[in-house]
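A.B. asks: You'll find coords.pdb just under this line, and it carries PDB, C-alpha atoms.
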```
ATOM      1  CA  MET A   1      16.785  16.926  47.163
ATOM      2  CA  THR A   2      17.099  19.554  44.467
ATOM      3  CA  GLN A   3      17.808  16.810  41.969
ATOM      4  CA  THR A   4      14.711  14.800  42.766
ATOM      5  CA  SER A   5      12.457  17.856  42.729
ATOM      6  CA  HIS A   6      13.976  18.903  39.415
ATOM      7  CA  ALA A   7      13.335  15.474  37.964
ATOM      8  CA  THR A   8       9.717  15.421  39.091
ATOM      9  CA  THR A   9       8.954  18.908  37.784
ATOM     10  CA  ALA A  10      10.604  18.157  34.448
ATOM     11  CA  ASP A  11       8.548  15.014  34.176
ATOM     12  CA  SER A  12       5.237  16.413  35.302
ATOM     13  CA  THR A  13       5.170  19.642  33.323
ATOM     14  CA  GLU A  14       3.227  19.467  30.112
ATOM     15  CA  LEU A  15       5.627  19.661  27.180
ATOM     16  CA  LEU A  16       5.045  22.298  24.526
ATOM     17  CA  ARG A  17       3.740  20.953  21.249
ATOM     18  CA  GLY A  18       4.150  21.991  17.612
ATOM     19  CA  THR A  19       6.789  24.455  16.402
ATOM     20  CA  ALA A  20       7.074  26.047  19.838
ATOM     21  CA  GLY A  21       7.867  22.552  21.106
ATOM     22  CA  VAL A  22      10.689  22.171  18.582
ATOM     23  CA  ILE A  23      12.315  25.403  19.770
ATOM     24  CA  ALA A  24      11.792  24.504  23.416
ATOM     25  CA  ASP A  25      13.221  20.997  22.880
ATOM     26  CA  TRP A  26      16.375  22.156  21.118
ATOM     27  CA  SER A  27      17.020  25.207  23.322
ATOM     28  CA  SER A  28      16.426  23.428  26.596
ATOM     29  CA  ASP A  29      20.121  22.566  27.054
ATOM     30  CA  GLN A  30      19.052  18.989  27.796
ATOM     31  CA  ARG A  31      17.949  16.196  25.514
ATOM     32  CA  ALA A  32      16.312  17.272  22.254
ATOM     33  CA  PHE A  33      13.859  14.411  21.760
ATOM     34  CA  LYS A  34      11.932  14.596  25.005
ATOM     35  CA  ARG A  35      10.022  11.497  26.113
ATOM     36  CA  VAL A  36      11.254   9.597  23.058
ATOM     37  CA  PRO A  37      12.971   6.342  24.088
ATOM     38  CA  TRP A  38      16.670   6.472  23.191
ATOM     39  CA  GLY A  39      16.388   3.300  21.117
ATOM     40  CA  LYS A  40      13.635   4.801  19.002
ATOM     41  CA  ALA A  41      15.524   8.067  18.378
ATOM     42  CA  MET A  42      18.629   6.095  17.392
ATOM     43  CA  MET A  43      16.600   3.853  15.090
ATOM     44  CA  TRP A  44      15.139   6.914  13.363
ATOM     45  CA  ILE A  45      18.599   8.399  12.854
ATOM     46  CA  PHE A  46      19.802   5.082  11.415
ATOM     47  CA  LEU A  47      16.776   4.982   9.127
ATOM     48  CA  VAL A  48      17.487   8.499   7.851
ATOM     49  CA  SER A  49      21.037   7.460   6.972
ATOM     50  CA  ASP A  50      19.691   4.283   5.357
ATOM     51  CA  THR A  51      17.293   6.441   3.339
ATOM     52  CA  PHE A  52      20.316   8.185   1.898
ATOM     53  CA  ILE A  53      22.002   4.906   1.002
ATOM     54  CA  PHE A  54      18.959   3.596  -0.867
ATOM     55  CA  SER A  55      18.384   6.993  -2.464
ATOM     56  CA  CYS A  56      21.951   7.013  -3.745
ATOM     57  CA  PHE A  57      21.350   3.599  -5.316
ATOM     58  CA  LEU A  58      18.079   4.691  -6.899
ATOM     59  CA  ILE A  59      19.535   7.968  -8.163
ATOM     60  CA  GLY A  60      22.514   6.041  -9.539
ATOM     61  CA  TYR A  61      20.021   3.727 -11.264
ATOM     62  CA  MET A  62      18.249   6.741 -12.748
ATOM     63  CA  THR A  63      21.521   8.241 -13.986
ATOM     64  CA  VAL A  64      22.623   4.982 -15.551
ATOM     65  CA  ARG A  65      19.271   4.334 -17.189
ATOM     66  CA  VAL A  66      19.041   7.837 -18.668
ATOM     67  CA  SER A  67      22.594   7.802 -19.988
ATOM     68  CA  THR A  68      22.692   4.343 -21.590
ATOM     69  CA  THR A  69      22.406   4.160 -25.363
ATOM     70  CA  ASP A  70      21.368   0.483 -25.335
ATOM     71  CA  PRO A  71      17.655  -0.342 -25.087
ATOM     72  CA  TRP A  72      16.418  -0.961 -21.534
ATOM     73  CA  PRO A  73      14.614  -4.320 -21.112
ATOM     74  CA  ASN A  74      10.875  -4.033 -20.481
ATOM     75  CA  PRO A  75      10.470  -5.068 -16.823
ATOM     76  CA  SER A  76       6.865  -6.226 -17.224
ATOM     77  CA  GLU A  77       8.076  -8.785 -19.798
ATOM     78  CA  VAL A  78      11.281  -9.776 -17.997
ATOM     79  CA  PHE A  79       9.454 -10.429 -14.733
ATOM     80  CA  ALA A  80       6.440 -12.154 -16.251
ATOM     81  CA  LEU A  81       5.695 -15.719 -15.234
ATOM     82  CA  THR A  82       3.774 -18.328 -17.147
ATOM     83  CA  MET A  83       1.034 -19.602 -14.863
ATOM     84  CA  PHE A  84      -1.879 -21.828 -15.912
ATOM     85  CA  GLY A  85      -0.755 -21.547 -19.523
ATOM     86  CA  GLU A  86      -0.924 -17.769 -19.523
ATOM     87  CA  LYS A  87       1.816 -15.171 -19.337
ATOM     88  CA  ILE A  88       1.040 -12.809 -16.487
ATOM     89  CA  PRO A  89       3.235  -9.695 -16.230
ATOM     90  CA  LEU A  90       4.915  -8.987 -12.873
ATOM     91  CA  ILE A  91       2.885 -11.667 -11.063
ATOM     92  CA  LEU A  92       5.735 -12.803  -8.821
ATOM     93  CA  ILE A  93       6.632  -9.226  -7.916
ATOM     94  CA  ALA A  94       2.976  -8.518  -7.163
ATOM     95  CA  ILE A  95       2.817 -11.509  -4.812
ATOM     96  CA  MET A  96       6.101 -10.466  -3.170
ATOM     97  CA  THR A  97       4.752  -6.959  -2.622
ATOM     98  CA  PHE A  98       1.554  -8.366  -1.157
ATOM     99  CA  VAL A  99       3.524 -10.616   1.219
ATOM    100  CA  LEU A 100       5.676  -7.714   2.391
ATOM    101  CA  ILE A 101       2.673  -5.443   2.974
ATOM    102  CA  THR A 102       0.914  -8.216   4.891
ATOM    103  CA  SER A 103       4.020  -8.628   7.055
ATOM    104  CA  SER A 104       3.908  -4.886   7.726
ATOM    105  CA  GLY A 105       0.348  -5.348   8.923
ATOM    106  CA  THR A 106       1.212  -8.193  11.295
ATOM    107  CA  MET A 107       4.133  -6.094  12.585
ATOM    108  CA  ALA A 108       1.817  -3.163  13.357
ATOM    109  CA  LEU A 109      -0.490  -5.585  15.199
ATOM    110  CA  ALA A 110       2.502  -6.962  17.122
ATOM    111  CA  VAL A 111       3.437  -3.432  18.285
ATOM    112  CA  ASN A 112      -0.168  -2.863  19.340
ATOM    113  CA  PHE A 113      -0.421  -6.114  21.304
ATOM    114  CA  GLY A 114       3.017  -5.432  22.802
ATOM    115  CA  TYR A 115       1.793  -2.205  24.363
ATOM    116  CA  ARG A 116      -1.231  -4.091  25.688
ATOM    117  CA  ARG A 117       1.348  -6.383  27.345
ATOM    118  CA  ASN A 118      -0.104  -9.435  25.639
ATOM    119  CA  ARG A 119       2.985 -11.649  25.592
ATOM    120  CA  LYS A 120       1.706 -14.664  23.623
ATOM    121  CA  VAL A 121      -0.101 -12.797  20.841
ATOM    122  CA  THR A 122       2.861 -10.433  20.382
ATOM    123  CA  PHE A 123       5.157 -13.432  20.045
ATOM    124  CA  ILE A 124       2.928 -15.133  17.488
ATOM    125  CA  LEU A 125       2.548 -11.949  15.433
ATOM    126  CA  LEU A 126       6.296 -11.296  15.473
ATOM    127  CA  LEU A 127       6.907 -14.855  14.337
ATOM    128  CA  ALA A 128       4.304 -14.481  11.574
ATOM    129  CA  THR A 129       6.070 -11.308  10.427
ATOM    130  CA  ALA A 130       9.401 -13.144  10.364
ATOM    131  CA  LEU A 131       7.843 -15.994   8.364
ATOM    132  CA  LEU A 132       6.355 -13.623   5.794
ATOM    133  CA  GLY A 133       9.714 -11.859   5.534
ATOM    134  CA  ALA A 134      11.452 -15.184   4.967
ATOM    135  CA  THR A 135       8.857 -15.994   2.288
ATOM    136  CA  PHE A 136       9.667 -12.729   0.587
ATOM    137  CA  VAL A 137      13.407 -13.507   0.581
ATOM    138  CA  GLY A 138      12.654 -17.005  -0.728
ATOM    139  CA  MET A 139      10.656 -15.654  -3.654
ATOM    140  CA  GLN A 140      13.405 -13.169  -4.350
ATOM    141  CA  ALA A 141      15.895 -16.047  -4.470
ATOM    142  CA  PHE A 142      13.583 -17.773  -6.978
ATOM    143  CA  GLU A 143      13.421 -14.592  -9.057
ATOM    144  CA  TRP A 144      17.225 -14.237  -9.034
ATOM    145  CA  THR A 145      17.690 -17.885  -9.984
ATOM    146  CA  LYS A 146      15.324 -17.531 -12.926
ATOM    147  CA  LEU A 147      17.065 -14.379 -14.101
ATOM    148  CA  ILE A 148      20.560 -15.839 -13.761
ATOM    149  CA  THR A 149      20.047 -19.347 -15.106
ATOM    150  CA  GLU A 150      17.244 -18.918 -17.658
ATOM    151  CA  GLU A 151      17.771 -15.378 -18.933
ATOM    152  CA  GLY A 152      21.535 -15.274 -18.447
ATOM    153  CA  VAL A 153      21.539 -11.866 -16.734
ATOM    154  CA  ARG A 154      24.778 -11.052 -14.900
ATOM    155  CA  PRO A 155      25.899  -7.991 -12.940
ATOM    156  CA  TRP A 156      28.289  -7.217 -15.795
ATOM    157  CA  ALA A 157      26.274  -8.404 -18.807
ATOM    158  CA  ASN A 158      22.693  -8.693 -19.964
ATOM    159  CA  PRO A 159      21.536 -10.510 -23.099
ATOM    160  CA  LEU A 160      18.166  -8.687 -22.973
ATOM    161  CA  GLY A 161      19.586  -5.212 -23.564
ATOM    162  CA  ALA A 162      21.498  -2.658 -21.552
ATOM    163  CA  PRO A 163      24.164  -4.308 -19.325
ATOM    164  CA  GLN A 164      23.436  -1.685 -16.668
ATOM    165  CA  PHE A 165      20.117  -3.462 -16.051
ATOM    166  CA  GLY A 166      21.915  -6.424 -14.490
ATOM    167  CA  SER A 167      24.220  -4.420 -12.240
ATOM    168  CA  VAL A 168      21.472  -2.130 -10.972
ATOM    169  CA  PHE A 169      18.989  -4.967 -10.479
ATOM    170  CA  PHE A 170      21.308  -7.184  -8.439
ATOM    171  CA  MET A 171      22.677  -4.216  -6.483
ATOM    172  CA  ILE A 172      19.358  -2.702  -5.428
ATOM    173  CA  THR A 173      17.248  -5.817  -4.888
ATOM    174  CA  GLY A 174      20.232  -7.538  -3.263
ATOM    175  CA  PHE A 175      20.704  -4.715  -0.794
ATOM    176  CA  HIS A 176      16.995  -4.699  -0.030
ATOM    177  CA  GLY A 177      16.942  -8.477   0.346
ATOM    178  CA  THR A 178      19.845  -8.213   2.798
ATOM    179  CA  HIS A 179      17.827  -5.730   4.835
ATOM    180  CA  VAL A 180      14.860  -8.106   4.879
ATOM    181  CA  SER A 181      17.071 -11.054   5.909
ATOM    182  CA  ILE A 182      18.647  -9.112   8.781
ATOM    183  CA  GLY A 183      15.172  -7.957   9.764
ATOM    184  CA  VAL A 184      13.969 -11.573   9.897
ATOM    185  CA  LEU A 185      16.860 -12.484  12.229
ATOM    186  CA  PHE A 186      16.121  -9.566  14.525
ATOM    187  CA  LEU A 187      12.389 -10.328  14.481
ATOM    188  CA  ILE A 188      13.140 -13.837  15.719
ATOM    189  CA  ILE A 189      15.448 -12.463  18.442
ATOM    190  CA  VAL A 190      12.844  -9.951  19.616
ATOM    191  CA  ALA A 191      10.101 -12.612  19.436
ATOM    192  CA  VAL A 192      12.106 -14.933  21.700
ATOM    193  CA  LYS A 193      12.767 -12.070  24.105
ATOM    194  CA  VAL A 194       9.036 -11.329  24.239
ATOM    195  CA  LEU A 195       8.144 -14.975  24.826
ATOM    196  CA  ARG A 196      10.692 -15.301  27.639
ATOM    197  CA  GLY A 197       9.052 -12.331  29.345
ATOM    198  CA  ASN A 198      12.088 -10.046  29.176
ATOM    199  CA  MET A 199       9.837  -7.077  28.559
ATOM    200  CA  ASP A 200       7.331  -7.925  31.299
ATOM    201  CA  ASP A 201      10.090  -8.291  33.916
ATOM    202  CA  GLU A 202      12.155  -5.444  32.408
ATOM    203  CA  ARG A 203      15.240  -7.633  32.521
ATOM    204  CA  PRO A 204      18.528  -5.922  31.580
ATOM    205  CA  GLY A 205      19.482  -6.345  27.954
ATOM    206  CA  PHE A 206      22.637  -8.363  27.276
ATOM    207  CA  MET A 207      24.372  -5.555  25.383
ATOM    208  CA  THR A 208      23.321  -2.352  27.144
ATOM    209  CA  GLY A 209      22.255  -3.695  30.527
ATOM    210  CA  ARG A 210      19.275  -1.359  30.410
ATOM    211  CA  PRO A 211      15.809  -2.654  31.295
ATOM    212  CA  GLN A 212      14.033  -4.058  28.235
ATOM    213  CA  ARG A 213      10.594  -2.678  27.508
ATOM    214  CA  TYR A 214       7.915  -3.167  24.867
ATOM    215  CA  GLU A 215       9.334  -0.083  23.129
ATOM    216  CA  MET A 216      11.806  -2.559  21.632
ATOM    217  CA  VAL A 217       8.960  -4.089  19.624
ATOM    218  CA  GLU A 218       8.054  -0.650  18.300
ATOM    219  CA  THR A 219      11.675   0.081  17.362
ATOM    220  CA  MET A 220      11.794  -3.267  15.572
ATOM    221  CA  GLY A 221       8.548  -2.257  13.855
ATOM    222  CA  LEU A 222      10.112   1.003  12.660
ATOM    223  CA  TYR A 223      12.880  -0.938  10.938
ATOM    224  CA  TRP A 224      10.446  -3.390   9.393
ATOM    225  CA  HIS A 225       8.110  -0.691   8.079
ATOM    226  CA  PHE A 226      11.148   1.080   6.641
ATOM    227  CA  VAL A 227      12.079  -2.052   4.679
ATOM    228  CA  ASP A 228       8.522  -2.095   3.322
ATOM    229  CA  LEU A 229       8.798   1.622   2.522
ATOM    230  CA  VAL A 230      11.981   1.100   0.519
ATOM    231  CA  TRP A 231      10.254  -1.677  -1.405
ATOM    232  CA  VAL A 232       7.499   0.746  -2.430
ATOM    233  CA  PHE A 233      10.110   2.924  -4.129
ATOM    234  CA  ILE A 234      11.985  -0.004  -5.699
ATOM    235  CA  PHE A 235       8.691  -1.442  -6.955
ATOM    236  CA  ALA A 236       7.633   1.882  -8.483
ATOM    237  CA  PHE A 237      10.920   2.851 -10.066
ATOM    238  CA  PHE A 238      12.372  -0.482 -11.059
ATOM    239  CA  TYR A 239       9.433  -2.740 -11.862
ATOM    240  CA  LEU A 240       6.716  -0.349 -12.979
ATOM    241  CA  TRP A 241       8.707   2.384 -14.729
TER     242      TRP A 241
ATOM    243  CA  MET B 242      -2.000  -2.661 -13.143
ATOM    244  CA  VAL B 243      -0.612   0.039 -15.394
ATOM    245  CA  ASP B 244       0.545  -2.813 -17.606
ATOM    246  CA  TYR B 245      -2.957  -4.155 -18.109
ATOM    247  CA  LEU B 246      -4.444  -0.762 -18.790
ATOM    248  CA  HIS B 247      -1.624   0.032 -21.223
ATOM    249  CA  PHE B 248      -1.144   3.516 -19.930
ATOM    250  CA  VAL B 249       1.933   5.083 -21.452
ATOM    251  CA  GLY B 250       3.780   8.353 -21.262
ATOM    252  CA  TRP B 251       2.996  11.060 -18.746
ATOM    253  CA  LEU B 252      -0.204   9.500 -17.432
ATOM    254  CA  ARG B 253       1.623   6.290 -16.481
ATOM    255  CA  TRP B 254       4.468   8.148 -14.765
ATOM    256  CA  PHE B 255       2.047  10.454 -12.997
ATOM    257  CA  LEU B 256      -0.026   7.539 -11.637
ATOM    258  CA  ILE B 257       3.078   5.621 -10.520
ATOM    259  CA  ILE B 258       4.509   8.639  -8.685
ATOM    260  CA  ILE B 259       1.197   9.622  -7.071
ATOM    261  CA  PHE B 260       0.422   6.157  -5.721
ATOM    262  CA  MET B 261       4.014   5.622  -4.626
ATOM    263  CA  LEU B 262       4.058   8.874  -2.646
ATOM    264  CA  LEU B 263       0.589   8.220  -1.203
ATOM    265  CA  LYS B 264       1.633   4.810   0.030
ATOM    266  CA  ALA B 265       4.993   5.995   1.329
ATOM    267  CA  GLY B 266       3.298   8.826   3.198
ATOM    268  CA  LEU B 267       0.772   6.439   4.703
ATOM    269  CA  ILE B 268       3.485   4.077   5.926
ATOM    270  CA  VAL B 269       5.584   6.841   7.491
ATOM    271  CA  ALA B 270       2.645   8.709   9.014
ATOM    272  CA  VAL B 271       0.507   5.894  10.390
ATOM    273  CA  PHE B 272       2.512   2.676  10.539
ATOM    274  CA  MET B 273       5.645   4.379  11.802
ATOM    275  CA  HIS B 274       3.584   6.642  14.121
ATOM    276  CA  MET B 275       5.086   9.842  12.718
ATOM    277  CA  VAL B 276       1.802  11.717  13.214
ATOM    278  CA  TRP B 277       2.020  11.208  16.959
ATOM    279  CA  GLU B 278       5.739  11.957  17.379
ATOM    280  CA  ARG B 279       7.252  15.119  18.796
ATOM    281  CA  PHE B 280       7.879  17.732  16.116
ATOM    282  CA  ALA B 281      11.599  17.903  16.953
ATOM    283  CA  LEU B 282      11.928  14.278  15.802
ATOM    284  CA  VAL B 283       9.588  14.766  12.839
ATOM    285  CA  TYR B 284      11.723  17.589  11.450
ATOM    286  CA  VAL B 285      14.960  15.644  11.931
ATOM    287  CA  VAL B 286      13.525  12.764   9.900
ATOM    288  CA  ILE B 287      11.614  14.627   7.189
ATOM    289  CA  VAL B 288      13.823  17.617   6.328
ATOM    290  CA  PRO B 289      17.201  16.025   5.360
ATOM    291  CA  PRO B 290      15.694  13.697   2.713
ATOM    292  CA  LEU B 291      14.302  16.783   0.937
ATOM    293  CA  LEU B 292      17.888  17.476  -0.141
ATOM    294  CA  LEU B 293      17.561  14.338  -2.279
ATOM    295  CA  ILE B 294      15.361  16.306  -4.697
ATOM    296  CA  VAL B 295      18.403  18.486  -5.472
ATOM    297  CA  PHE B 296      20.475  15.330  -5.881
ATOM    298  CA  VAL B 297      17.957  13.910  -8.368
ATOM    299  CA  GLY B 298      18.163  17.163 -10.349
ATOM    300  CA  ILE B 299      21.962  16.990 -10.505
ATOM    301  CA  GLY B 300      21.715  13.336 -11.571
ATOM    302  CA  VAL B 301      19.327  14.136 -14.421
ATOM    303  CA  LEU B 302      21.565  16.932 -15.751
ATOM    304  CA  GLU B 303      24.660  14.754 -15.632
ATOM    305  CA  ALA B 304      22.926  11.733 -17.194
ATOM    306  CA  ASP B 305      21.464  13.796 -20.029
ATOM    307  CA  TYR B 306      24.911  15.178 -20.796
ATOM    308  CA  THR B 307      26.490  11.696 -20.731
ATOM    309  CA  PHE B 308      23.796  10.386 -23.092
ATOM    310  CA  PHE B 309      24.373  13.340 -25.426
ATOM    311  CA  ALA B 310      28.151  12.781 -25.417
ATOM    312  CA  ARG B 311      27.772   9.036 -26.061
ATOM    313  CA  ASP B 312      25.360   9.688 -28.889
ATOM    314  CA  VAL B 313      27.715  12.179 -30.513
ATOM    315  CA  PHE B 314      31.037  10.379 -30.063
ATOM    316  CA  PHE B 315      30.311   6.654 -29.848
ATOM    317  CA  SER B 316      27.332   6.058 -32.085
ATOM    318  CA  PRO B 317      28.351   4.100 -35.249
ATOM    319  CA  ASN B 318      25.607   5.749 -37.299
ATOM    320  CA  ASN B 319      26.739   9.255 -36.545
ATOM    321  CA  PHE B 320      29.016  10.641 -39.251
ATOM    322  CA  VAL B 321      28.503  14.312 -38.473
ATOM    323  CA  ILE B 322      31.950  14.758 -36.954
ATOM    324  CA  GLU B 323      33.789  12.763 -39.613
ATOM    325  CA  ALA B 324      32.060  14.732 -42.375
ATOM    326  CA  HIS B 325      34.097  17.815 -41.553
ATOM    327  CA  HIS B 326      37.444  16.166 -42.309
TER     328      HIS B 326
END
```
Go ahead and express the file in the form of structure tokens.
C.D. replies:
Amino acid sequence: MTQTSHATTADSTELLRGTAGVIADWSSDQRAFKRVPWGKAMMWIFLVSDTFIFSCFLIGYMTVRVSTTDPWPNPSEVFALTMFGEKIPLILIAIMTFVLITSSGTMALAVNFGYRRNRKVTFILLLATALLGATFVGMQAFEWTKLITEEGVRPWANPLGAPQFGSVFFMITGFHGTHVSIGVLFLIIVAVKVLRGNMDDERPGFMTGRPQRYEMVETMGLYWHFVDLVWVFIFAFFYLW
Amino acid sequence: MVDYLHFVGWLRWFLIIIFMLLKAGLIVAVFMHMVWERFALVYVVIVPPLLLIVFVGIGVLEADYTFFARDVFFSPNNFVIEAHH
């Protein structure tokens, strides 16, 4: 009896907002992130740790680029493609960025339609996001192939200038591409779950046994937007700098 | 875009950084729904990465020193040290 009444009062009382809410959340001797689904809180904590991984790579790249005495190759020339008889700087990277941003848009729409409990549209949007992500990885594979076979860039050597260029490039874009690839796999898994109606029926998940809800789509969206976010920094520091 | 306009030096860096931060902020705030989250979660996500600014500073100091040392000791055109012998 006391337990049920406690649960209802805790649920019905309006939570404090702002800084007072932070203090109340942390000092409440209960859970700190009130009314945040556990999956979402865990995803955020993973993303913070992932931020540190990518930041370490980018800071390492900065250190290596500042300290090298060899000339750094000009990225707008290295990544230029000849299209229609004209050399266009960074065109492939620009298209890749556009594809990734578009996929972020379809992902946001998928989250929206998920909360409206529109099963079919959510599925289609998730699948579109996965397709755009796969396109991105495909273009990255093309870019790597061109760099390896035509320019002769290797992780340990670089005929265009500083050898550090090769190691940093393959390390950072490779790690990001891995994130995108894993994201594509998970997008397909979540899309199939949505289509089967796991979220509508709140069926237990196969790993946790907890009821599956449309919050899963939002958690998936957090990861996907994070991958896009990382690309913004890679694009700015590696390709534009 | 900066390539076509041939911006160089501080203006180019400034534009790159500004647009990068604007876009990153937009993604985190709107797409990742940070604006509507509870502040306890917002602080947990936003505050630790601020430490990275310190890390960048340390990296710059170290890299500058390494560049200086390489220039002094490994550069074939640098005879300053040999001149003393």
A.B. asks: Determine the residue membership of the PyMOL selection byres ((chain B) within 7 of (chain A)) for the file above and supply it as a short mmCIF file (atom, residue, chain, number, x, y, z; two decimals) with C-alpha atoms, in the coordinates of the input.
C.D. replies:
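Done, and the output landed in part17.cif:
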```cif
data_model
loop_
_atom_site.label_atom_id
_atom_site.label_comp_id
_atom_site.auth_asym_id
_atom_site.auth_seq_id
_atom_site.Cartn_x
_atom_site.Cartn_y
_atom_site.Cartn_z
CA ILE B 257 3.08 5.62 -10.52
CA MET B 261 4.01 5.62 -4.63
CA ALA B 265 4.99 6.00 1.33
CA ILE B 268 3.48 4.08 5.93
CA PHE B 272 2.51 2.68 10.54
CA MET B 273 5.64 4.38 11.80
CA PHE B 280 7.88 17.73 16.12
CA ALA B 281 11.60 17.90 16.95
CA LEU B 282 11.93 14.28 15.80
CA VAL B 286 13.52 12.76 9.90
CA VAL B 297 17.96 13.91 -8.37
CA GLY B 300 21.72 13.34 -11.57
CA VAL B 301 19.33 14.14 -14.42
CA ALA B 304 22.93 11.73 -17.19
CA ASP B 305 21.46 13.80 -20.03
CA THR B 307 26.49 11.70 -20.73
CA PHE B 308 23.80 10.39 -23.09
#
```
A.B. asks: In Å to one decimal, how far is CA of Ile182 in chain A from CA of Arg213 in chain A?
C.D. replies: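 Pair CA of Arg213 in chain A / CA of Ile182 in chain A returns 21.4 Å.
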A.B. asks: Which of these residues is nearest to Val121 in chain A, using only C-alpha atoms: A:Ser27, A:Thr106, A:Ser167, A:Asn74?
C.D. replies: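 Of A:Ser27, A:Thr106, A:Ser167, A:Asn74, the one nearest Val121 in chain A is A:Thr106, counting only C-alpha atoms.
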A.B. asks: Around all the atoms of range 278-297 of chain B listed in the file, draw an axis-aligned box and extend it by 5 Å on each of the six sides; I want its centre and edge lengths in Å to one decimal, as lines of an AutoDock Vina configuration file.
C.D. replies:
```
center_x = 13.1
center_y = 15.2
center_z = 5.2
size_x = 24.7
size_y = 16.5
size_z = 37.2
```
A.B. asks: Figure out the distance between CA of Val180 in chain A and CA of Asn158 in chain A, please, to one decimal in Å.
C.D. replies: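 CA of Val180 in chain A lies 26.1 Å from CA of Asn158 in chain A.
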A.B. asks: Expanded to explicit residues, what is the PyMOL selection byres ((chain A and resi 147) around 12) for this file, as number ranges by chain?
C.D. replies: A: 75, 78-81, 140-146, 148-155, 157-160, 165-166, 169-170
A.B. asks: If I put a ball of radius 12 Å at (1.8, -12.6, -2.2) in the file's coordinates, which residues poke into it when counting all atoms listed in the file, written as an NGL selection string?
C.D. replies: :A and (90-103 or 132-133 or 135-140)
A.B. asks: Would you mind reading off the distance between CA of Met171 in chain A and CA of Ala134 in chain A, one decimal, in Å?
C.D. replies: 19.4 Å
A.B. asks: With all atoms listed in the file as the counted atoms, please give the residues lying no more than 10 Å from Gly197 in chain A, apart from itself and same-chain residues fewer than 3 positions off, as a PyMOL selection string.
C.D. replies: chain A and resi 117+119-120+191-194+200-203+212-213
A.B. asks: Kindly output range 144-156 of chain A as a PDB file, in the frame of the given file, after building N, CA and C atoms.
C.D. replies:
```
ATOM      1  N   TRP A 144      15.812 -14.368  -8.644  1.00  0.00           N
ATOM      2  CA  TRP A 144      17.225 -14.237  -9.034  1.00  0.00           C
ATOM      3  C   TRP A 144      17.671 -15.459  -9.823  1.00  0.00           C
ATOM      4  N   THR A 145      17.284 -16.645  -9.321  1.00  0.00           N
ATOM      5  CA  THR A 145      17.690 -17.885  -9.984  1.00  0.00           C
ATOM      6  C   THR A 145      17.191 -17.911 -11.414  1.00  0.00           C
ATOM      7  N   LYS A 146      15.916 -17.540 -11.592  1.00  0.00           N
ATOM      8  CA  LYS A 146      15.324 -17.531 -12.926  1.00  0.00           C
ATOM      9  C   LYS A 146      16.079 -16.566 -13.832  1.00  0.00           C
ATOM     10  N   LEU A 147      16.387 -15.398 -13.304  1.00  0.00           N
ATOM     11  CA  LEU A 147      17.065 -14.379 -14.101  1.00  0.00           C
ATOM     12  C   LEU A 147      18.485 -14.799 -14.460  1.00  0.00           C
ATOM     13  N   ILE A 148      19.158 -15.477 -13.521  1.00  0.00           N
ATOM     14  CA  ILE A 148      20.560 -15.839 -13.761  1.00  0.00           C
ATOM     15  C   ILE A 148      20.654 -17.047 -14.676  1.00  0.00           C
ATOM     16  N   THR A 149      19.866 -18.097 -14.362  1.00  0.00           N
ATOM     17  CA  THR A 149      20.047 -19.347 -15.106  1.00  0.00           C
ATOM     18  C   THR A 149      19.278 -19.363 -16.423  1.00  0.00           C
ATOM     19  N   GLU A 150      18.050 -18.825 -16.443  1.00  0.00           N
ATOM     20  CA  GLU A 150      17.244 -18.918 -17.658  1.00  0.00           C
ATOM     21  C   GLU A 150      17.494 -17.763 -18.616  1.00  0.00           C
ATOM     22  N   GLU A 151      17.595 -16.543 -18.057  1.00  0.00           N
ATOM     23  CA  GLU A 151      17.771 -15.378 -18.933  1.00  0.00           C
ATOM     24  C   GLU A 151      19.241 -15.053 -19.152  1.00  0.00           C
ATOM     25  N   GLY A 152      20.112 -15.540 -18.275  1.00  0.00           N
ATOM     26  CA  GLY A 152      21.535 -15.274 -18.447  1.00  0.00           C
ATOM     27  C   GLY A 152      21.956 -13.872 -18.065  1.00  0.00           C
ATOM     28  N   VAL A 153      21.185 -13.222 -17.172  1.00  0.00           N
ATOM     29  CA  VAL A 153      21.539 -11.866 -16.734  1.00  0.00           C
ATOM     30  C   VAL A 153      22.660 -11.956 -15.702  1.00  0.00           C
ATOM     31  N   ARG A 154      23.676 -11.112 -15.852  1.00  0.00           N
ATOM     32  CA  ARG A 154      24.778 -11.052 -14.900  1.00  0.00           C
ATOM     33  C   ARG A 154      24.975  -9.605 -14.470  1.00  0.00           C
ATOM     34  N   PRO A 155      25.652  -9.388 -13.333  1.00  0.00           N
ATOM     35  CA  PRO A 155      25.899  -7.991 -12.940  1.00  0.00           C
ATOM     36  C   PRO A 155      26.715  -7.223 -13.971  1.00  0.00           C
ATOM     37  N   TRP A 156      27.441  -7.913 -14.820  1.00  0.00           N
ATOM     38  CA  TRP A 156      28.289  -7.217 -15.795  1.00  0.00           C
ATOM     39  C   TRP A 156      27.783  -7.379 -17.233  1.00  0.00           C
TER      40      TRP A 156
END
```
